[in-house]
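Structure file target_9.cif (mmCIF, C-alpha atoms, pLDDT in the B column; chains and numbers go by the auth columns) is printed below.
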data_data
loop_
_atom_site.group_PDB
_atom_site.id
_atom_site.type_symbol
_atom_site.label_atom_id
_atom_site.label_comp_id
_atom_site.label_asym_id
_atom_site.label_seq_id
_atom_site.Cartn_x
_atom_site.Cartn_y
_atom_site.Cartn_z
_atom_site.B_iso_or_equiv
_atom_site.auth_seq_id
_atom_site.auth_asym_id
ATOM 1 C CA MET A 1 58.099 -22.028 -33.564 53.00 1 A
ATOM 2 C CA PRO A 2 56.076 -19.116 -34.969 56.00 2 A
ATOM 3 C CA GLY A 3 52.833 -20.523 -33.508 56.00 3 A
ATOM 4 C CA ALA A 4 54.218 -20.509 -29.974 58.00 4 A
ATOM 5 C CA ALA A 5 55.548 -16.988 -30.446 58.00 5 A
ATOM 6 C CA GLU A 6 52.103 -15.770 -31.558 62.00 6 A
ATOM 7 C CA LEU A 7 50.468 -17.498 -28.600 66.00 7 A
ATOM 8 C CA SER A 8 52.924 -15.878 -26.264 80.00 8 A
ATOM 9 C CA ASP A 9 52.145 -12.482 -27.722 80.00 9 A
ATOM 10 C CA ASP A 10 48.429 -13.100 -27.196 78.00 10 A
ATOM 11 C CA ILE A 11 48.995 -14.146 -23.591 83.00 11 A
ATOM 12 C CA ALA A 12 51.229 -11.171 -22.971 83.00 12 A
ATOM 13 C CA THR A 13 48.580 -8.847 -24.384 81.00 13 A
ATOM 14 C CA GLU A 14 45.904 -10.416 -22.203 80.00 14 A
ATOM 15 C CA VAL A 15 48.080 -10.204 -19.072 83.00 15 A
ATOM 16 C CA ALA A 16 48.819 -6.559 -19.795 84.00 16 A
ATOM 17 C CA ARG A 17 45.114 -5.844 -20.320 80.00 17 A
ATOM 18 C CA ARG A 18 44.147 -7.481 -17.034 81.00 18 A
ATOM 19 C CA ILE A 19 46.854 -5.642 -15.123 83.00 19 A
ATOM 20 C CA ALA A 20 45.669 -2.355 -16.608 82.00 20 A
ATOM 21 C CA ASN A 21 42.037 -3.042 -15.662 80.00 21 A
ATOM 22 C CA PRO A 22 41.289 -6.279 -13.782 76.00 22 A
ATOM 23 C CA TRP A 23 37.526 -5.597 -13.967 78.00 23 A
ATOM 24 C CA ALA A 24 37.293 -5.197 -17.689 74.00 24 A
ATOM 25 C CA VAL A 25 35.426 -7.995 -19.394 71.00 25 A
ATOM 26 C CA PRO A 26 36.454 -8.704 -22.949 68.00 26 A
ATOM 27 C CA VAL A 27 33.589 -8.075 -25.347 69.00 27 A
ATOM 28 C CA LYS A 28 33.024 -10.865 -27.779 69.00 28 A
ATOM 29 C CA GLN A 29 32.361 -9.921 -31.346 71.00 29 A
ATOM 30 C CA ARG A 30 28.698 -10.571 -32.041 69.00 30 A
ATOM 31 C CA PRO A 31 27.548 -11.561 -35.482 68.00 31 A
ATOM 32 C CA GLU A 32 25.491 -8.944 -37.263 71.00 32 A
ATOM 33 C CA ARG A 33 21.855 -9.316 -36.246 66.00 33 A
ATOM 34 C CA VAL A 34 19.684 -9.783 -39.267 65.00 34 A
ATOM 35 C CA PRO A 35 16.157 -10.891 -38.367 63.00 35 A
ATOM 36 C CA ALA A 36 14.993 -13.914 -40.266 65.00 36 A
ATOM 37 C CA GLN A 37 12.225 -13.341 -42.759 66.00 37 A
ATOM 38 C CA GLY A 38 8.901 -13.484 -40.949 70.00 38 A
ATOM 39 C CA ALA A 39 10.528 -13.491 -37.507 88.00 39 A
ATOM 40 C CA VAL A 40 8.956 -11.498 -34.682 91.00 40 A
ATOM 41 C CA ARG A 41 10.787 -8.194 -34.530 93.00 41 A
ATOM 42 C CA ALA A 42 8.796 -6.382 -31.863 95.00 42 A
ATOM 43 C CA VAL A 43 6.283 -7.210 -29.161 97.00 43 A
ATOM 44 C CA GLY A 44 3.886 -4.822 -27.448 97.00 44 A
ATOM 45 C CA VAL A 45 1.628 -5.564 -24.509 97.00 45 A
ATOM 46 C CA ASP A 46 -0.771 -3.358 -22.579 96.00 46 A
ATOM 47 C CA VAL A 47 -3.368 -3.763 -19.856 96.00 47 A
ATOM 48 C CA VAL A 48 -6.333 -1.485 -19.154 96.00 48 A
ATOM 49 C CA ASP A 49 -8.377 -1.381 -15.963 95.00 49 A
ATOM 50 C CA VAL A 50 -11.932 -1.633 -17.286 96.00 50 A
ATOM 51 C CA ALA A 51 -13.606 -0.108 -14.211 94.00 51 A
ATOM 52 C CA ARG A 52 -11.255 2.852 -14.185 92.00 52 A
ATOM 53 C CA LEU A 53 -11.791 3.484 -17.875 94.00 53 A
ATOM 54 C CA GLY A 54 -15.532 3.230 -17.307 94.00 54 A
ATOM 55 C CA LEU A 55 -15.297 5.890 -14.621 92.00 55 A
ATOM 56 C CA LEU A 56 -13.366 8.177 -16.940 91.00 56 A
ATOM 57 C CA LEU A 57 -15.885 7.668 -19.732 92.00 57 A
ATOM 58 C CA THR A 58 -18.737 8.437 -17.346 92.00 58 A
ATOM 59 C CA GLU A 59 -16.997 11.602 -16.173 89.00 59 A
ATOM 60 C CA ARG A 60 -15.856 12.826 -19.564 88.00 60 A
ATOM 61 C CA GLY A 61 -18.457 11.327 -21.856 87.00 61 A
ATOM 62 C CA ASP A 62 -18.338 11.423 -25.638 89.00 62 A
ATOM 63 C CA ARG A 63 -15.453 13.840 -25.717 90.00 63 A
ATOM 64 C CA LEU A 64 -13.123 11.255 -24.241 93.00 64 A
ATOM 65 C CA ALA A 65 -14.564 8.394 -26.294 94.00 65 A
ATOM 66 C CA ASP A 66 -14.166 10.433 -29.487 93.00 66 A
ATOM 67 C CA ARG A 67 -10.571 11.116 -28.621 94.00 67 A
ATOM 68 C CA LEU A 68 -9.724 7.490 -27.987 96.00 68 A
ATOM 69 C CA LEU A 69 -11.745 5.759 -30.698 97.00 69 A
ATOM 70 C CA THR A 70 -12.349 6.251 -34.400 97.00 70 A
ATOM 71 C CA PRO A 71 -15.967 6.385 -35.633 96.00 71 A
ATOM 72 C CA LEU A 72 -15.588 2.789 -36.854 96.00 72 A
ATOM 73 C CA GLU A 73 -14.444 1.643 -33.426 97.00 73 A
ATOM 74 C CA ARG A 74 -17.254 3.513 -31.708 96.00 74 A
ATOM 75 C CA ALA A 75 -19.712 1.770 -33.979 95.00 75 A
ATOM 76 C CA LEU A 76 -18.110 -1.603 -33.240 95.00 76 A
ATOM 77 C CA CYS A 77 -18.366 -0.982 -29.519 95.00 77 A
ATOM 78 C CA ALA A 78 -21.980 0.185 -29.617 93.00 78 A
ATOM 79 C CA GLY A 79 -24.225 -2.347 -27.931 83.00 79 A
ATOM 80 C CA THR A 80 -27.065 -2.635 -25.479 84.00 80 A
ATOM 81 C CA SER A 81 -24.884 -4.160 -22.763 92.00 81 A
ATOM 82 C CA GLU A 82 -22.867 -1.658 -20.724 91.00 82 A
ATOM 83 C CA GLY A 83 -20.385 -4.416 -19.905 92.00 83 A
ATOM 84 C CA TYR A 84 -19.881 -5.260 -23.558 92.00 84 A
ATOM 85 C CA ARG A 85 -19.385 -1.606 -24.492 93.00 85 A
ATOM 86 C CA LEU A 86 -16.836 -1.026 -21.744 94.00 86 A
ATOM 87 C CA ASN A 87 -14.885 -4.195 -22.445 95.00 87 A
ATOM 88 C CA CYS A 88 -14.853 -3.408 -26.140 96.00 88 A
ATOM 89 C CA VAL A 89 -13.515 0.110 -25.568 96.00 89 A
ATOM 90 C CA ALA A 90 -10.971 -1.082 -22.995 97.00 90 A
ATOM 91 C CA GLY A 91 -9.768 -3.793 -25.367 97.00 91 A
ATOM 92 C CA ARG A 92 -9.273 -1.284 -28.127 97.00 92 A
ATOM 93 C CA VAL A 93 -7.419 1.158 -25.900 97.00 93 A
ATOM 94 C CA ALA A 94 -5.117 -1.653 -24.764 97.00 94 A
ATOM 95 C CA ALA A 95 -4.666 -2.810 -28.360 98.00 95 A
ATOM 96 C CA LYS A 96 -3.724 0.661 -29.588 97.00 96 A
ATOM 97 C CA GLU A 97 -1.109 0.951 -26.859 96.00 97 A
ATOM 98 C CA ALA A 98 0.232 -2.528 -27.568 97.00 98 A
ATOM 99 C CA VAL A 99 0.561 -1.721 -31.257 97.00 99 A
ATOM 100 C CA ARG A 100 2.197 1.610 -30.461 95.00 100 A
ATOM 101 C CA LYS A 101 4.807 -0.234 -28.399 95.00 101 A
ATOM 102 C CA THR A 102 5.766 -2.437 -31.339 97.00 102 A
ATOM 103 C CA LEU A 103 6.713 0.740 -33.191 96.00 103 A
ATOM 104 C CA THR A 104 9.430 1.328 -30.568 92.00 104 A
ATOM 105 C CA ARG A 105 11.159 4.716 -30.885 91.00 105 A
ATOM 106 C CA HIS A 106 9.465 5.331 -34.217 93.00 106 A
ATOM 107 C CA GLY A 107 6.081 5.400 -32.466 88.00 107 A
ATOM 108 C CA ALA A 108 6.581 8.756 -30.769 85.00 108 A
ATOM 109 C CA GLY A 109 3.802 11.103 -31.818 86.00 109 A
ATOM 110 C CA VAL A 110 1.411 8.381 -32.955 92.00 110 A
ATOM 111 C CA GLY A 111 -2.129 9.467 -32.098 92.00 111 A
ATOM 112 C CA TRP A 112 -5.033 7.372 -30.864 95.00 112 A
ATOM 113 C CA HIS A 113 -6.768 7.484 -34.239 95.00 113 A
ATOM 114 C CA ASP A 114 -3.610 6.488 -36.129 96.00 114 A
ATOM 115 C CA VAL A 115 -4.159 2.928 -34.919 97.00 115 A
ATOM 116 C CA GLU A 116 -7.626 1.583 -35.615 97.00 116 A
ATOM 117 C CA VAL A 117 -8.745 -1.819 -34.387 97.00 117 A
ATOM 118 C CA ASP A 118 -11.358 -3.299 -36.666 96.00 118 A
ATOM 119 C CA ARG A 119 -12.875 -6.759 -36.343 94.00 119 A
ATOM 120 C CA GLU A 120 -12.544 -9.571 -38.849 93.00 120 A
ATOM 121 C CA SER A 121 -15.508 -11.715 -39.801 91.00 121 A
ATOM 122 C CA GLY A 122 -14.266 -14.410 -37.406 92.00 122 A
ATOM 123 C CA GLY A 123 -14.196 -11.920 -34.531 90.00 123 A
ATOM 124 C CA GLU A 124 -10.421 -11.501 -34.273 93.00 124 A
ATOM 125 C CA PRO A 125 -9.095 -7.945 -33.980 96.00 125 A
ATOM 126 C CA LEU A 126 -7.625 -6.430 -37.115 96.00 126 A
ATOM 127 C CA PRO A 127 -5.148 -3.566 -36.641 96.00 127 A
ATOM 128 C CA LEU A 128 -5.245 -0.861 -39.307 97.00 128 A
ATOM 129 C CA LEU A 129 -2.545 1.776 -39.391 97.00 129 A
ATOM 130 C CA THR A 130 -2.804 5.237 -40.867 96.00 130 A
ATOM 131 C CA GLY A 131 -0.930 8.542 -40.622 94.00 131 A
ATOM 132 C CA ARG A 132 2.008 8.547 -38.248 93.00 132 A
ATOM 133 C CA ALA A 133 1.497 4.940 -37.223 96.00 133 A
ATOM 134 C CA LEU A 134 1.851 3.818 -40.815 96.00 134 A
ATOM 135 C CA GLU A 135 4.947 5.976 -41.262 96.00 135 A
ATOM 136 C CA ALA A 136 6.449 4.569 -38.070 96.00 136 A
ATOM 137 C CA PHE A 137 5.642 1.022 -39.147 96.00 137 A
ATOM 138 C CA GLY A 138 7.589 1.575 -42.368 95.00 138 A
ATOM 139 C CA ALA A 139 10.438 3.374 -40.631 95.00 139 A
ATOM 140 C CA ALA A 140 10.821 0.489 -38.193 94.00 140 A
ATOM 141 C CA GLY A 141 11.132 -1.909 -41.118 93.00 141 A
ATOM 142 C CA LEU A 142 8.077 -3.907 -40.082 95.00 142 A
ATOM 143 C CA THR A 143 5.983 -5.854 -42.554 94.00 143 A
ATOM 144 C CA GLY A 144 3.287 -7.605 -40.515 95.00 144 A
ATOM 145 C CA LEU A 145 1.236 -6.996 -37.397 96.00 145 A
ATOM 146 C CA HIS A 146 -0.721 -9.502 -35.321 96.00 146 A
ATOM 147 C CA LEU A 147 -2.999 -8.617 -32.453 97.00 147 A
ATOM 148 C CA SER A 148 -4.821 -10.461 -29.706 97.00 148 A
ATOM 149 C CA ILE A 149 -7.119 -9.050 -27.026 97.00 149 A
ATOM 150 C CA THR A 150 -8.434 -10.792 -23.940 97.00 150 A
ATOM 151 C CA HIS A 151 -10.631 -9.766 -21.011 94.00 151 A
ATOM 152 C CA ASP A 152 -10.608 -11.143 -17.498 91.00 152 A
ATOM 153 C CA ALA A 153 -10.937 -9.983 -13.898 82.00 153 A
ATOM 154 C CA ASP A 154 -11.903 -6.407 -14.818 92.00 154 A
ATOM 155 C CA VAL A 155 -8.939 -5.899 -17.115 96.00 155 A
ATOM 156 C CA ALA A 156 -8.441 -5.894 -20.846 97.00 156 A
ATOM 157 C CA VAL A 157 -5.078 -7.139 -22.101 98.00 157 A
ATOM 158 C CA ALA A 158 -3.727 -6.818 -25.615 98.00 158 A
ATOM 159 C CA VAL A 159 -0.616 -8.302 -27.174 98.00 159 A
ATOM 160 C CA ALA A 160 0.741 -7.172 -30.520 97.00 160 A
ATOM 161 C CA LEU A 161 3.444 -8.948 -32.492 97.00 161 A
ATOM 162 C CA ALA A 162 5.200 -7.199 -35.340 96.00 162 A
ATOM 163 C CA THR A 163 7.193 -9.044 -37.975 94.00 163 A
ATOM 164 C CA MET B 1 11.072 36.463 -12.813 52.00 164 B
ATOM 165 C CA THR B 2 7.581 34.960 -12.897 63.00 165 B
ATOM 166 C CA GLY B 3 7.425 31.398 -14.148 86.00 166 B
ATOM 167 C CA ILE B 4 4.720 30.058 -16.405 86.00 167 B
ATOM 168 C CA MET B 5 3.241 28.113 -13.476 89.00 168 B
ATOM 169 C CA ASP B 6 2.622 31.360 -11.580 88.00 169 B
ATOM 170 C CA THR B 7 0.298 32.720 -14.243 93.00 170 B
ATOM 171 C CA ASP B 8 -3.499 32.472 -14.071 93.00 171 B
ATOM 172 C CA THR B 9 -3.409 29.711 -16.670 94.00 172 B
ATOM 173 C CA GLY B 10 -0.649 27.845 -14.860 95.00 173 B
ATOM 174 C CA ARG B 11 -2.567 27.915 -11.602 95.00 174 B
ATOM 175 C CA ALA B 12 -5.760 26.828 -13.345 96.00 175 B
ATOM 176 C CA VAL B 13 -4.000 23.897 -15.045 96.00 176 B
ATOM 177 C CA VAL B 14 -2.649 22.819 -11.667 96.00 177 B
ATOM 178 C CA SER B 15 -6.150 23.110 -10.203 95.00 178 B
ATOM 179 C CA VAL B 16 -7.605 20.907 -12.961 95.00 179 B
ATOM 180 C CA MET B 17 -4.903 18.316 -12.420 94.00 180 B
ATOM 181 C CA CYS B 18 -5.395 18.343 -8.658 94.00 181 B
ATOM 182 C CA LYS B 19 -9.041 17.456 -9.292 91.00 182 B
ATOM 183 C CA ALA B 20 -7.741 14.474 -11.284 87.00 183 B
ATOM 184 C CA GLY B 21 -5.858 13.298 -8.211 89.00 184 B
ATOM 185 C CA PHE B 22 -2.429 14.899 -8.440 93.00 185 B
ATOM 186 C CA GLU B 23 -0.642 16.693 -5.612 93.00 186 B
ATOM 187 C CA GLU B 24 -0.043 20.382 -6.197 93.00 187 B
ATOM 188 C CA SER B 25 3.485 20.120 -4.805 94.00 188 B
ATOM 189 C CA GLU B 26 4.547 17.728 -7.577 95.00 189 B
ATOM 190 C CA LEU B 27 3.112 19.783 -10.438 95.00 190 B
ATOM 191 C CA LEU B 28 6.219 21.817 -11.176 95.00 191 B
ATOM 192 C CA GLU B 29 7.035 23.355 -14.543 95.00 192 B
ATOM 193 C CA GLY B 30 9.832 20.887 -15.270 95.00 193 B
ATOM 194 C CA ALA B 31 8.009 17.811 -13.989 96.00 194 B
ATOM 195 C CA ARG B 32 7.997 15.162 -16.700 96.00 195 B
ATOM 196 C CA LEU B 33 4.527 13.782 -17.271 96.00 196 B
ATOM 197 C CA SER B 34 5.657 10.192 -17.693 92.00 197 B
ATOM 198 C CA LYS B 35 8.800 9.814 -15.633 93.00 198 B
ATOM 199 C CA ASP B 36 8.056 12.168 -12.728 95.00 199 B
ATOM 200 C CA LEU B 37 4.253 12.142 -12.521 95.00 200 B
ATOM 201 C CA ASP B 38 3.753 8.566 -13.779 94.00 201 B
ATOM 202 C CA ILE B 39 1.076 9.675 -16.237 94.00 202 B
ATOM 203 C CA ASP B 40 0.286 7.014 -18.830 90.00 203 B
ATOM 204 C CA SER B 41 -1.316 7.639 -22.189 88.00 204 B
ATOM 205 C CA THR B 42 -4.852 7.045 -20.913 89.00 205 B
ATOM 206 C CA GLU B 43 -4.356 9.445 -18.013 91.00 206 B
ATOM 207 C CA LEU B 44 -2.910 12.012 -20.378 93.00 207 B
ATOM 208 C CA VAL B 45 -5.968 11.904 -22.593 93.00 208 B
ATOM 209 C CA GLU B 46 -8.128 12.306 -19.485 92.00 209 B
ATOM 210 C CA ILE B 47 -6.137 15.380 -18.476 94.00 210 B
ATOM 211 C CA VAL B 48 -6.323 16.808 -21.977 95.00 211 B
ATOM 212 C CA VAL B 49 -10.096 16.395 -22.082 94.00 212 B
ATOM 213 C CA ALA B 50 -10.408 17.947 -18.610 94.00 213 B
ATOM 214 C CA LEU B 51 -8.337 20.933 -19.760 95.00 214 B
ATOM 215 C CA GLU B 52 -10.438 21.269 -22.908 94.00 215 B
ATOM 216 C CA GLU B 53 -13.614 21.368 -20.858 92.00 216 B
ATOM 217 C CA HIS B 54 -12.240 23.718 -18.246 94.00 217 B
ATOM 218 C CA PHE B 55 -10.779 26.258 -20.662 95.00 218 B
ATOM 219 C CA ASP B 56 -13.237 25.751 -23.508 93.00 219 B
ATOM 220 C CA ILE B 57 -10.438 24.994 -25.921 94.00 220 B
ATOM 221 C CA ALA B 58 -9.541 22.185 -28.340 93.00 221 B
ATOM 222 C CA ILE B 59 -6.173 20.467 -28.010 94.00 222 B
ATOM 223 C CA ASP B 60 -5.281 18.519 -31.134 89.00 223 B
ATOM 224 C CA ALA B 61 -3.753 15.049 -31.237 85.00 224 B
ATOM 225 C CA ASP B 62 -0.363 16.288 -32.432 84.00 225 B
ATOM 226 C CA ALA B 63 -0.069 18.576 -29.442 89.00 226 B
ATOM 227 C CA GLU B 64 -1.212 15.841 -27.075 90.00 227 B
ATOM 228 C CA SER B 65 1.489 13.464 -28.209 87.00 228 B
ATOM 229 C CA ALA B 66 4.140 16.179 -27.936 89.00 229 B
ATOM 230 C CA PHE B 67 3.527 17.026 -24.279 93.00 230 B
ATOM 231 C CA ARG B 68 6.498 15.986 -22.179 93.00 231 B
ATOM 232 C CA THR B 69 6.405 18.257 -19.128 95.00 232 B
ATOM 233 C CA MET B 70 3.937 20.272 -17.071 96.00 233 B
ATOM 234 C CA GLY B 71 5.463 23.349 -18.653 96.00 234 B
ATOM 235 C CA ASP B 72 4.529 22.025 -22.113 95.00 235 B
ATOM 236 C CA LEU B 73 0.909 21.619 -21.018 95.00 236 B
ATOM 237 C CA VAL B 74 0.657 25.081 -19.510 96.00 237 B
ATOM 238 C CA ASP B 75 2.456 26.676 -22.427 95.00 238 B
ATOM 239 C CA HIS B 76 0.120 25.068 -24.961 96.00 239 B
ATOM 240 C CA VAL B 77 -3.022 25.995 -23.042 96.00 240 B
ATOM 241 C CA THR B 78 -1.711 29.540 -22.668 95.00 241 B
ATOM 242 C CA ARG B 79 -1.170 29.841 -26.413 94.00 242 B
ATOM 243 C CA LEU B 80 -4.603 28.432 -27.224 94.00 243 B
ATOM 244 C CA ARG B 81 -6.268 30.809 -24.791 91.00 244 B
ATOM 245 C CA SER B 82 -4.441 33.795 -26.206 89.00 245 B
ATOM 246 C CA ARG B 83 -5.666 32.811 -29.668 81.00 246 B
ATOM 247 C CA GLY B 84 -9.231 32.421 -28.475 69.00 247 B
ATOM 248 C CA GLU B 85 -9.308 28.960 -30.077 54.00 248 B
ATOM 249 C CA PRO B 86 -12.931 27.934 -30.670 50.00 249 B
ATOM 250 C CA VAL B 87 -14.130 24.653 -29.244 42.00 250 B
ATOM 251 C CA GLY B 88 -13.684 21.704 -31.606 41.00 251 B
ATOM 252 C CA ALA B 89 -11.752 23.623 -34.252 41.00 252 B
ATOM 253 C CA ALA B 90 -8.659 21.470 -33.971 43.00 253 B
ATOM 254 C CA ALA B 91 -10.111 18.229 -32.712 39.00 254 B
ATOM 255 C CA THR B 92 -8.941 16.134 -35.604 39.00 255 B
ATOM 256 C CA GLU B 93 -6.856 13.015 -35.508 36.00 256 B
ATOM 257 C CA GLY B 94 -5.609 10.373 -37.868 33.00 257 B
#

As structure tokens, the full file:
Amino acid sequence: MPGAAELSDDIATEVARRIANPWAVPVKQRPERVPAQGAVRAVGVDVVDVARLGLLLTERGDRLADRLLTPLERALCAGTSEGYRLNCVAGRVAAKEAVRKTLTRHGAGVGWHDVEVDRESGGEPLPLLTGRALEAFGAAGLTGLHLSITHDADVAVAVALAT
Amino acid sequence: MTGIMDTDTGRAVVSVMCKAGFEESELLEGARLSKDLDIDSTELVEIVVALEEHFDIAIDADAESAFRTMGDLVDHVTRLRSRGEPVGAAATEG
């Protein structure tokens, strides 16, 4: 019986393998991972302590704000309410970090201004990539980016999904 | 052999970082900003701005994102100071 002979060979091979290394776990062959079209390929999340950021901005002033935000973002976050301004800046800082995380290893070297967070007419945040962020986005094979920002209990949280 | 941390600039960088809440004993040349000192990106930008103000220099975004260790920070500040980099000359991003 050829079938039985083949089975015996397989068993013999397995017994020999286990004797050689009883702790070795056979690795199953995994199918090649090809993300489905439109599937989420990367997730980034970041949280910013609003009070701490406010302290830093008070200490360092415009120099720090200019470093973190683009002129468009500074204009978006201008307002008469200190609370609104701080939450807006904190949300954008968190969003930039969240987006940067979706770029995985390709995101090294992405600067603060390479990710700009604009606002759509409905109020939802709109991520705009330029420079190294745009290059990293392409290198990572990403085609879409979705962003959400929320504020609660003195923190700003941002989640970015890349497809 | 004198290390980069034993220079005037090295000591001044350490002093600036101590004012930001770090312990002098942990600010060694090879200390990794993220893994050893637990500095996140927001803290790094705070440190960079503090160094700019202290030394009257401008550290550009490319340099900021390339800093990995304390030695990198001190080395970059040392080079900028030796050039006499004017304030704001390299403050461009994006």

A:Val157, A:Val110, A:Leu76, A:Ala16 ranked by distance to chain B, top pick (using only C-alpha atoms): A:Val110

Shell around Ser197 (chain B) at 9 Å using only C-alpha atoms, local window under 5 positions removed, as a VMD selection string: chain B and resid 202 to 204 231 to 232

Resolved residues for the PyMOL selection byres ((chain B and resi 179) around 12) as a list in words: Thr172, Gly173, Arg174, Ala175, Val176, Val177, Ser178, Met180, Cys181, Lys182, Ala183, Gly184, Phe185, Glu186, Glu187, Leu190, Glu209, Ile210, Val211, Val212, Ala213, Leu214, Glu215, Glu216, His217, Phe218, Leu236 and Val237 of chain B

Using the selection just defined, write its residues with C-alpha atoms as a compact mmCIF listing (two decimals), in the frame of the given file.
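The resulting file, result-v2.txt, is shown below:
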# COMPACT_ATOMS: atom_id res chain seq x y z
CA THR B 172 -3.41 29.71 -16.67
CA GLY B 173 -0.65 27.84 -14.86
CA ARG B 174 -2.57 27.92 -11.60
CA ALA B 175 -5.76 26.83 -13.34
CA VAL B 176 -4.00 23.90 -15.04
CA VAL B 177 -2.65 22.82 -11.67
CA SER B 178 -6.15 23.11 -10.20
CA MET B 180 -4.90 18.32 -12.42
CA CYS B 181 -5.40 18.34 -8.66
CA LYS B 182 -9.04 17.46 -9.29
CA ALA B 183 -7.74 14.47 -11.28
CA GLY B 184 -5.86 13.30 -8.21
CA PHE B 185 -2.43 14.90 -8.44
CA GLU B 186 -0.64 16.69 -5.61
CA GLU B 187 -0.04 20.38 -6.20
CA LEU B 190 3.11 19.78 -10.44
CA GLU B 209 -8.13 12.31 -19.48
CA ILE B 210 -6.14 15.38 -18.48
CA VAL B 211 -6.32 16.81 -21.98
CA VAL B 212 -10.10 16.40 -22.08
CA ALA B 213 -10.41 17.95 -18.61
CA LEU B 214 -8.34 20.93 -19.76
CA GLU B 215 -10.44 21.27 -22.91
CA GLU B 216 -13.61 21.37 -20.86
CA HIS B 217 -12.24 23.72 -18.25
CA PHE B 218 -10.78 26.26 -20.66
CA LEU B 236 0.91 21.62 -21.02
CA VAL B 237 0.66 25.08 -19.51

Point-to-point distance in Å for CA of Val89 (chain A) and CA of Val115 (chain A): 13.5 Å

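We find CA of Ala136 (chain A) and CA of Gly91 (chain A) to be spaced 22.2 Å apart.
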
Test item: chain A residues at most 7 Å from chain B, counting all atoms listed in the file, as a count of residues only: 9

Axis-aligned box for all listed atoms of region 50-66 of chain A, 4 Å per side, centre and edges in Å to one decimal, as JSON:
{"center_x": -15.0, "center_y": 6.1, "center_z": -21.8, "size_x": 15.5, "size_y": 23.5, "size_z": 23.3}

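Among A:Ala98, A:Leu147, A:Ala140, A:Ala153, the residue with the shortest atom-to-atom distance to Glu120 (chain A), counting all atoms listed in the file, is A:Leu147.
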
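Close contacts of Arg74 (chain A), defined as residues with an atom at most 12 Å away when counting only C-alpha atoms, with chain neighbours fewer than 2 positions off set aside, comprise Asp62, Leu64, Ala65, Asp66, Arg67, Leu68, Leu69, Thr70, Pro71, Leu72, Leu76, Cys77, Ala78, Gly79, Arg85, Leu86, Cys88, Val89, Ala90, Arg92, Val93, His113, Glu116, Val117 and Asp118 of chain A.
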
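Pairwise distance (CA of Ala194 (chain B), CA of Asp219 (chain B)) equals 24.6 Å.
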
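In terms of minimum interatomic distance to His239 (chain B), B:Ile222 ranks closest within B:Leu200, B:Ile222, B:Leu207, B:Leu191, counting all atoms listed in the file.
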
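Every protein, DNA or RNA residue with an atom at most 12 Å from Ala39 (chain A), where all atoms listed in the file count and chain neighbours fewer than 5 positions away do not, is listed here: A:Val34, A:Leu142, A:Thr143, A:Gly144, A:Leu145, A:Leu161, A:Ala162, A:Thr163.
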
Sel. within 9 Å of pt (2.4, 0.4, -30.2), counting all atoms listed in the file, output as a PyMOL selection string: chain A and resi 43-45+95-104+107+110+115+133+160

Target residues per the PyMOL selection byres ((chain A and resi 150) around 10), formatted as JSON, numbers by chain: {"A": [47, 87, 91, 94, 95, 148, 149, 151, 152, 155, 156, 157, 158, 159]}

Near-Arg52 (chain A) list (10 Å; all atoms listed in the file; drop same-chain fewer than 4 positions) as a PyMOL selection string: chain A and resi 48+56-58+90+154-155

Atom completion result for region 174-184 of chain B (N, CA and C atoms) as a short mmCIF file (atom, residue, chain, number, x, y, z; two decimals), in the coordinates of the input:
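Okay, part.cif is ready:
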data_model
loop_
_atom_site.label_atom_id
_atom_site.label_comp_id
_atom_site.auth_asym_id
_atom_site.auth_seq_id
_atom_site.Cartn_x
_atom_site.Cartn_y
_atom_site.Cartn_z
N ARG B 174 -1.88 28.30 -12.84
CA ARG B 174 -2.57 27.92 -11.60
C ARG B 174 -3.85 27.13 -11.91
N ALA B 175 -4.52 27.53 -12.99
CA ALA B 175 -5.76 26.83 -13.34
C ALA B 175 -5.47 25.41 -13.83
N VAL B 176 -4.38 25.25 -14.58
CA VAL B 176 -4.00 23.90 -15.04
C VAL B 176 -3.70 23.01 -13.83
N VAL B 177 -2.97 23.58 -12.89
CA VAL B 177 -2.65 22.82 -11.67
C VAL B 177 -3.94 22.44 -10.94
N SER B 178 -4.88 23.37 -10.89
CA SER B 178 -6.15 23.11 -10.20
C SER B 178 -6.90 21.96 -10.88
N VAL B 179 -6.92 21.97 -12.21
CA VAL B 179 -7.60 20.91 -12.96
C VAL B 179 -6.93 19.57 -12.68
N MET B 180 -5.61 19.58 -12.64
CA MET B 180 -4.90 18.32 -12.42
C MET B 180 -5.05 17.82 -10.98
N CYS B 181 -5.17 18.76 -10.05
CA CYS B 181 -5.40 18.34 -8.66
C CYS B 181 -6.75 17.64 -8.54
N LYS B 182 -7.73 18.12 -9.31
CA LYS B 182 -9.04 17.46 -9.29
C LYS B 182 -8.94 16.03 -9.86
N ALA B 183 -7.93 15.81 -10.70
CA ALA B 183 -7.74 14.47 -11.28
C ALA B 183 -6.90 13.59 -10.37
N GLY B 184 -6.53 14.14 -9.20
CA GLY B 184 -5.86 13.30 -8.21
C GLY B 184 -4.38 13.56 -8.00
#
